[in-house]
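Have a look at run-v2.txt below; it lists compact mmCIF, C-alpha atoms.
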```
# COMPACT_ATOMS: atom_id res chain seq x y z
CA MET P 1 0.00 0.00 0.00
CA LYS P 2 2.83 2.34 0.93
CA GLU P 3 4.53 1.55 -2.36
CA ARG P 4 1.33 2.36 -4.25
CA ASP P 5 0.97 5.71 -2.43
CA GLU P 6 4.55 6.63 -3.16
CA MET P 7 4.05 5.81 -6.82
CA ARG P 8 0.80 7.78 -6.90
CA GLU P 9 2.60 10.81 -5.42
CA GLU P 10 5.42 10.49 -7.89
CA LEU P 11 3.02 10.20 -10.83
CA LEU P 12 0.96 13.11 -9.55
CA ASN P 13 4.04 15.32 -9.31
CA ALA P 14 5.14 14.36 -12.82
CA TRP P 15 1.63 15.04 -14.17
CA GLU P 16 1.41 18.40 -12.39
CA GLU P 17 4.84 19.40 -13.61
CA THR P 18 3.76 18.82 -17.21
CA TYR P 19 0.32 20.34 -16.62
CA LYS P 20 1.73 23.54 -15.14
CA LYS P 21 3.93 24.17 -18.15
CA GLY P 22 2.16 26.64 -20.36
CA GLN P 23 -0.27 27.56 -17.56
CA LEU P 24 1.56 30.78 -16.66
CA THR P 25 -0.21 32.78 -19.37
CA LEU P 26 -3.64 31.90 -18.03
CA TRP P 27 -2.66 32.86 -14.47
CA ILE P 28 -1.09 36.14 -15.60
CA PHE P 29 -4.16 37.01 -17.65
CA LEU P 30 -6.54 36.13 -14.79
CA ALA P 31 -4.51 38.18 -12.33
CA LEU P 32 -4.51 41.15 -14.70
CA LYS P 33 -8.24 40.75 -15.34
CA GLU P 34 -8.67 41.46 -11.63
CA GLY P 35 -6.94 44.79 -12.17
CA PRO P 36 -3.61 46.44 -13.11
CA LYS P 37 -0.62 45.10 -11.20
CA TYR P 38 3.12 45.53 -10.94
CA VAL P 39 5.34 42.46 -11.18
CA ASN P 40 5.60 41.57 -7.48
CA GLU P 41 1.88 42.08 -7.02
CA LEU P 42 1.26 39.84 -10.01
CA GLN P 43 3.52 37.21 -8.49
CA GLU P 44 1.61 37.33 -5.18
CA THR P 45 -1.78 37.23 -6.92
CA ILE P 46 -0.84 34.18 -8.98
CA GLU P 47 0.30 32.40 -5.83
CA ARG P 48 -2.87 33.37 -4.01
CA PHE P 49 -5.20 32.40 -6.90
CA SER P 50 -3.52 29.04 -7.35
CA ASN P 51 -3.42 28.25 -3.61
CA GLY P 52 0.37 28.31 -3.80
CA THR P 53 0.59 25.64 -6.48
CA ILE P 54 1.95 28.06 -9.10
CA ARG P 55 5.07 30.05 -8.26
CA ALA P 56 6.32 32.35 -10.99
CA GLU P 57 9.92 33.53 -10.91
CA GLU P 58 10.28 37.31 -11.08
CA GLN P 59 12.65 37.13 -14.05
CA SER P 60 10.32 34.76 -15.85
CA LEU P 61 7.43 37.19 -15.32
CA TYR P 62 9.43 40.16 -16.61
CA ARG P 63 10.42 38.23 -19.71
CA THR P 64 6.86 37.04 -20.34
CA LEU P 65 5.41 40.52 -19.82
CA ARG P 66 7.96 42.08 -22.19
CA LYS P 67 6.95 39.51 -24.80
CA PHE P 68 3.22 40.08 -24.23
CA TYR P 69 3.79 43.83 -24.41
CA HIS P 70 5.58 43.41 -27.73
CA LEU P 71 2.64 41.31 -28.97
CA LYS P 72 0.20 44.00 -27.76
CA MET P 73 -1.56 41.69 -25.32
CA VAL P 74 -0.60 43.77 -22.29
CA ASP P 75 0.29 47.40 -21.79
CA TYR P 76 1.53 49.33 -18.79
CA SER P 77 1.38 52.70 -17.14
CA SER P 78 3.84 54.13 -14.63
CA GLY P 79 2.78 54.50 -11.04
CA LYS P 80 4.37 55.50 -7.77
CA GLY P 81 6.57 52.88 -6.19
CA HIS P 82 6.85 52.23 -2.47
CA LYS P 83 9.75 54.51 -1.42
CA GLY P 84 11.49 53.65 -4.68
CA PRO P 85 11.41 54.37 -8.39
CA ASP P 86 8.19 54.33 -10.39
CA ARG P 87 6.65 50.95 -11.06
CA LYS P 88 5.17 49.57 -14.23
CA TYR P 89 1.52 48.68 -13.66
CA TYR P 90 0.54 46.13 -16.27
CA HIS P 91 -2.98 45.71 -17.61
CA LEU P 92 -4.66 43.71 -20.35
CA THR P 93 -5.22 45.46 -23.66
CA SER P 94 -8.45 44.94 -25.60
CA LEU P 95 -6.60 42.24 -27.59
CA GLY P 96 -5.51 40.56 -24.35
CA GLN P 97 -9.04 40.67 -22.93
CA SER P 98 -10.57 39.29 -26.08
CA LEU P 99 -7.91 36.55 -26.24
CA LEU P 100 -8.60 35.53 -22.64
CA GLU P 101 -12.34 35.44 -23.24
CA SER P 102 -11.92 33.23 -26.32
CA PHE P 103 -9.48 30.94 -24.52
CA ILE P 104 -11.82 30.51 -21.55
CA GLU P 105 -14.78 29.89 -23.82
CA ARG P 106 -12.96 27.23 -25.83
CA ASN P 107 -10.89 25.53 -23.15
CA ILE P 108 -12.22 26.24 -19.65
CA LEU P 109 -16.00 26.57 -19.78
CA LEU P 110 -16.46 23.02 -21.03
CA PHE P 111 -15.42 21.83 -17.56
CA PHE P 112 -18.51 23.54 -16.15
CA GLU P 113 -20.87 21.75 -18.49
CA GLU P 114 -22.32 18.24 -18.30
CA PRO P 115 -21.03 15.54 -18.47
CA LEU P 116 -17.59 16.93 -17.48
CA LYS P 117 -18.93 18.83 -14.49
CA GLU P 118 -20.53 15.68 -13.12
CA LEU P 119 -17.38 13.63 -13.72
CA LEU P 120 -15.16 16.22 -12.05
CA LEU P 121 -17.32 16.58 -8.95
CA ASN P 122 -18.06 12.91 -8.34
CA MET Z 1 13.22 43.17 -28.88
CA LYS Z 2 16.23 44.41 -30.78
CA ILE Z 3 17.72 43.35 -34.11
CA ILE Z 4 21.13 44.72 -33.10
CA SER Z 5 21.21 43.55 -29.51
CA ARG Z 6 23.87 43.96 -26.82
CA ASN Z 7 24.88 40.31 -27.27
CA LEU Z 8 25.21 40.68 -31.03
CA LEU Z 9 27.40 43.77 -30.59
CA LEU Z 10 29.57 41.95 -28.07
CA PHE Z 11 29.94 39.06 -30.51
CA ALA Z 12 30.87 41.46 -33.34
CA LEU Z 13 33.47 43.19 -31.18
CA LEU Z 14 35.07 39.93 -30.04
CA LEU Z 15 35.03 38.55 -33.57
CA PHE Z 16 36.77 41.67 -34.84
CA ALA Z 17 39.50 41.29 -32.17
CA TYR Z 18 39.89 37.54 -32.88
CA THR Z 19 40.17 38.19 -36.61
CA LEU Z 20 42.88 40.83 -36.19
CA LEU Z 21 44.81 38.52 -33.84
CA PHE Z 22 44.35 35.60 -36.21
CA ARG Z 23 45.50 37.62 -39.23
CA TYR Z 24 48.58 38.79 -37.34
CA GLY Z 25 49.43 35.25 -36.15
CA LEU Z 26 48.75 33.78 -39.59
CA GLY Z 27 51.07 36.29 -41.30
CA GLN Z 28 53.86 35.63 -38.80
CA LEU Z 29 53.57 31.84 -39.06
CA LEU Z 30 53.38 31.87 -42.87
CA THR Z 31 56.47 34.06 -43.06
CA ALA Z 32 58.28 31.66 -40.70
CA GLU Z 33 56.94 28.77 -42.84
CA LYS Z 34 55.53 26.95 -39.82
CA TRP Z 35 52.77 25.17 -41.71
CA GLY Z 36 51.67 22.92 -38.86
CA TRP Z 37 51.04 25.91 -36.62
CA VAL Z 38 49.06 27.60 -39.39
CA ALA Z 39 46.64 24.69 -39.32
CA ILE Z 40 46.48 24.76 -35.50
CA ILE Z 41 45.69 28.47 -35.19
CA SER Z 42 43.13 28.21 -37.99
CA VAL Z 43 41.28 25.47 -36.11
CA LEU Z 44 41.59 27.46 -32.86
CA TYR Z 45 40.26 30.58 -34.60
CA GLY Z 46 37.25 28.69 -35.97
CA GLY Z 47 36.64 27.00 -32.62
CA ILE Z 48 36.74 30.18 -30.59
CA ILE Z 49 34.34 31.90 -33.01
CA PHE Z 50 31.96 28.96 -32.72
CA ILE Z 51 32.07 29.00 -28.90
CA THR Z 52 31.64 32.80 -28.72
CA ALA Z 53 28.73 32.70 -31.18
CA TRP Z 54 27.11 29.86 -29.28
CA MET Z 55 27.44 31.61 -25.89
CA THR Z 56 26.31 35.07 -27.01
CA GLY Z 57 23.54 33.58 -29.17
CA ARG Z 58 22.26 31.48 -26.30
CA ARG Z 59 22.20 34.47 -23.96
CA ASP Z 60 20.47 36.56 -26.61
CA GLY Z 61 17.81 33.88 -26.94
CA ARG Z 62 17.04 34.23 -23.23
CA GLU Z 63 16.97 38.05 -23.18
CA ASN Z 64 15.69 38.83 -26.64
CA PHE Z 65 12.87 36.71 -28.01
CA LEU Z 66 13.34 37.73 -31.66
CA PHE Z 67 13.38 34.67 -33.90
CA ASP Z 68 16.01 34.85 -36.66
CA ALA Z 69 17.11 31.20 -37.16
CA GLY Z 70 20.70 32.32 -36.40
CA PHE Z 71 20.80 34.58 -39.45
CA ARG Z 72 21.90 37.72 -37.56
CA TRP Z 73 24.96 35.90 -36.23
CA ASN Z 74 25.87 34.53 -39.65
CA MET Z 75 25.43 37.95 -41.26
CA THR Z 76 27.49 39.64 -38.54
CA THR Z 77 30.31 37.10 -38.94
CA PHE Z 78 30.27 37.70 -42.70
CA VAL Z 79 30.40 41.50 -42.37
CA VAL Z 80 32.93 41.69 -39.53
CA TRP Z 81 35.25 39.06 -41.00
CA GLY Z 82 35.01 40.74 -44.42
CA ILE Z 83 35.76 44.23 -43.08
CA ALA Z 84 38.65 43.06 -40.85
CA SER Z 85 40.20 40.97 -43.62
CA GLU Z 86 39.82 43.61 -46.33
CA ALA Z 87 41.27 46.28 -44.01
CA TRP Z 88 44.20 44.00 -43.19
CA PHE Z 89 45.13 43.80 -46.87
CA LEU Z 90 44.38 47.45 -47.66
CA LEU Z 91 46.70 48.52 -44.84
CA GLY Z 92 49.39 46.24 -46.25
CA LEU Z 93 49.70 44.17 -43.08
CA HIS Z 94 49.53 40.80 -44.87
CA SER Z 95 52.43 38.46 -45.52
CA ALA Z 96 53.89 37.62 -48.91
CA TYR Z 97 52.10 34.25 -48.80
CA GLU Z 98 48.63 35.77 -48.56
CA SER Z 99 46.46 36.98 -51.40
CA ILE Z 100 43.39 39.21 -51.22
CA ARG Z 101 41.84 36.94 -53.87
CA VAL Z 102 41.38 34.25 -51.21
CA VAL Z 103 39.36 36.75 -49.12
CA HIS Z 104 37.25 37.69 -52.14
CA ILE Z 105 36.60 34.09 -53.15
CA THR Z 106 35.69 33.22 -49.54
CA LEU Z 107 33.26 36.16 -49.38
CA LEU Z 108 31.72 35.19 -52.71
CA ILE Z 109 31.09 31.57 -51.68
CA TRP Z 110 29.94 32.65 -48.24
CA SER Z 111 27.44 35.14 -49.71
CA GLY Z 112 25.78 32.22 -51.51
CA PHE Z 113 25.36 30.35 -48.21
CA LEU Z 114 24.21 33.56 -46.58
CA LEU Z 115 21.50 33.92 -49.21
CA LEU Z 116 20.38 30.33 -48.59
CA HIS Z 117 20.31 31.01 -44.86
CA PHE Z 118 18.20 34.13 -45.47
CA ILE Z 119 15.73 32.14 -47.59
CA LEU Z 120 15.51 29.54 -44.80
CA PHE Z 121 14.85 32.34 -42.31
CA LEU Z 122 12.07 33.75 -44.52
CA ILE Z 123 10.45 30.31 -44.73
CA LEU Z 124 10.69 29.74 -40.95
CA ARG Z 125 9.46 33.28 -40.25
CA ARG Z 126 5.98 32.13 -41.31
CA ARG Z 127 5.85 30.37 -37.94
CA THR Z 128 6.21 33.66 -36.05
CA ILE Z 129 3.87 36.40 -34.88
CA ARG Z 130 5.50 39.85 -34.88
CA GLY Z 131 8.93 38.21 -34.93
CA VAL Z 132 8.28 35.83 -32.01
CA HIS Z 133 8.16 32.11 -32.78
CA LYS Z 134 4.67 30.75 -32.05
CA THR Z 135 6.07 28.03 -29.78
CA ASP Z 136 7.92 30.67 -27.72
CA ILE Z 137 4.94 32.94 -27.04
CA PHE Z 138 3.12 30.85 -24.45
CA GLU Z 139 6.07 28.77 -23.24
```

Target format structure tokens, applied to this file:
Amino acid sequence: MKERDEMREELLNAWEETYKKGQLTLWIFLALKEGPKYVNELQETIERFSNGTIRAEEQSLYRTLRKFYHLKMVDYSSGKGHKGPDRKYYHLTSLGQSLLESFIERNILLFFEEPLKELLLN
Amino acid sequence: MKIISRNLLLFALLLFAYTLLFRYGLGQLLTAEKWGWVAIISVLYGGIIFITAWMTGRRDGRENFLFDAGFRWNMTTFVVWGIASEAWFLLGLHSAYESIRVVHITLLIWSGFLLLHFILFLILRRRTIRGVHKTDIFE
């Protein structure tokens, strides 16, 4: 039994590791849908939203946001920092919002419909 | 996202220095007729360029997400090597064993490969959105 539990844990970790790859975009978009945020705030929100299961590295977030900015999915405005230099407050552009809506509609909402909803909850 | 990035400039600068050092060493060794050493420094020169290109290119890939299929590095090597080599001959710093024709023939053949590389880049660019490879956007 112990062996089975250990294997289950190992498989679960491997599955989650693969599952989490590529999930960062969704978490960033959801956090920004809540409202404009600077990088550290975004990091905290993602951790809070995901119950601590997703931890984004600061450098990784900066890189991703620069890329999304280049692709016009996010934009930023400067705001006062806490005793420091101005911060970049990122927000979703209309393209980013529309992209998130389409992604949710195609890939997330189906989990809230029968028979998937029933299968997930029971 | 920059076409001429910090890493590309660093590579160009190092390549220019390597080429001048190589040209100087090559001239000295040819004049001294040390043929074995000529082969050794040529391999070393090629190796160090490869390592420098690989390191700066890899770092550029992390900092700059512009997809170019390595074309910027190839183009930079072509231009920098061509300028350094041409200047070496124009300033009369070459040895009696060297001919500017070899530089010209090398540049001519290389330009053909450069063109092929550019065509490959144009084909692969179809898999990008605003210069970012589709597989790199939501990595």

- Using only C-alpha atoms, pick whichever of P:Thr53, P:Gly35, P:Ile104, P:Thr64 has the shortest atom-to-atom distance to chain Z.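 Closest to chain Z, using only C-alpha atoms: P:Thr64.
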
Give me, as CSV, the closest atom pair and its distance (Å, one decimal) for every residue of chain Z within a cut-off of 7 Å of chain P, counting only C-alpha atoms, rows sorted by chain and rising number.
```
residue,atom,partner,partner_atom,distance
Z:Arg130,CA,P:Leu71,CA,6.7
Z:Phe138,CA,P:Gly22,CA,5.9
Z:Glu139,CA,P:Gly22,CA,5.3
```

- Message: For a test of reading the model, state the distance in Å between CA of His91 (chain P) and CA of Lys20 (chain P), rounded to one decimal.
- Response: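 The value is 22.8 Å.
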
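We find CA of Leu30 (chain Z) and CA of Val79 (chain Z) to be spaced 24.9 Å apart.
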
- Message: Quick check, in Å to one decimal: how far apart do CA of Leu42 (chain P) and CA of Tyr90 (chain P) lie?
- Response: 8.9 Å

- Query: Which neighbours of Thr76 (chain Z) fall inside 9 Å, counting all atoms listed in the file, when residues of the same chain fewer than 4 positions from it are skipped, and could you give them as a count of residues only?
  - Reply: 8

Quick one: what's the axis-aligned box for region 66-74 of chain P, all listed atoms, 4 Å on every side, centre and edges in Å to one decimal, as JSON?
```
{"center_x": 3.2, "center_y": 41.8, "center_z": -25.6, "size_x": 17.5, "size_y": 12.5, "size_z": 14.8}
```

- Quick one: residues within 9 Å of Ala84 (chain Z), all atoms listed in the file counted, chain neighbours fewer than 6 positions away excluded, as a ChimeraX atom specification? /Z:16-17,19-20,23

- Message: From (7.6, 51.4, -13.8), in the file's coordinates, out to 12 Å: which residues are reached, counting all atoms listed in the file? Answer as a PyMOL selection string.
- Response: chain P and resi 37-40+62+75-82+84-90

Take the residues that were just selected and, keeping C-alpha atoms, output them as a PDB file, in the frame of the given file.
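Done, and the output landed in out.pdb:
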```pdb
ATOM      1  CA  LYS P  37      -0.620  45.100 -11.200  1.00  0.00           C
ATOM      2  CA  TYR P  38       3.120  45.530 -10.940  1.00  0.00           C
ATOM      3  CA  VAL P  39       5.340  42.460 -11.180  1.00  0.00           C
ATOM      4  CA  ASN P  40       5.600  41.570  -7.480  1.00  0.00           C
ATOM      5  CA  TYR P  62       9.430  40.160 -16.610  1.00  0.00           C
ATOM      6  CA  ASP P  75       0.290  47.400 -21.790  1.00  0.00           C
ATOM      7  CA  TYR P  76       1.530  49.330 -18.790  1.00  0.00           C
ATOM      8  CA  SER P  77       1.380  52.700 -17.140  1.00  0.00           C
ATOM      9  CA  SER P  78       3.840  54.130 -14.630  1.00  0.00           C
ATOM     10  CA  GLY P  79       2.780  54.500 -11.040  1.00  0.00           C
ATOM     11  CA  LYS P  80       4.370  55.500  -7.770  1.00  0.00           C
ATOM     12  CA  GLY P  81       6.570  52.880  -6.190  1.00  0.00           C
ATOM     13  CA  HIS P  82       6.850  52.230  -2.470  1.00  0.00           C
ATOM     14  CA  GLY P  84      11.490  53.650  -4.680  1.00  0.00           C
ATOM     15  CA  PRO P  85      11.410  54.370  -8.390  1.00  0.00           C
ATOM     16  CA  ASP P  86       8.190  54.330 -10.390  1.00  0.00           C
ATOM     17  CA  ARG P  87       6.650  50.950 -11.060  1.00  0.00           C
ATOM     18  CA  LYS P  88       5.170  49.570 -14.230  1.00  0.00           C
ATOM     19  CA  TYR P  89       1.520  48.680 -13.660  1.00  0.00           C
ATOM     20  CA  TYR P  90       0.540  46.130 -16.270  1.00  0.00           C
TER      21      TYR P  90
END
```

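Using all atoms listed in the file, the smallest distance between any of Z:Arg59, Z:Arg126, Z:Leu29, Z:Phe22 and Ser42 (chain Z) comes from Z:Phe22.
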
- Item | Selection: 9 Å around region 91-101 of chain Z, only C-alpha atoms, excl. self and same-chain fewer than 4 positions, as a list in words | Arg23, Tyr24, Leu26, Gly27, Gln28, Leu30, Thr31, Ser85, Glu86, Ala87, Ile105 and Thr106 of chain Z

- Message: Under the rule that all atoms listed in the file are counted, which of Z:His104, Z:Val132, Z:Asp60, Z:Ala69 is the nearest residue to Leu120 (chain Z)?
- Response: Z:Ala69
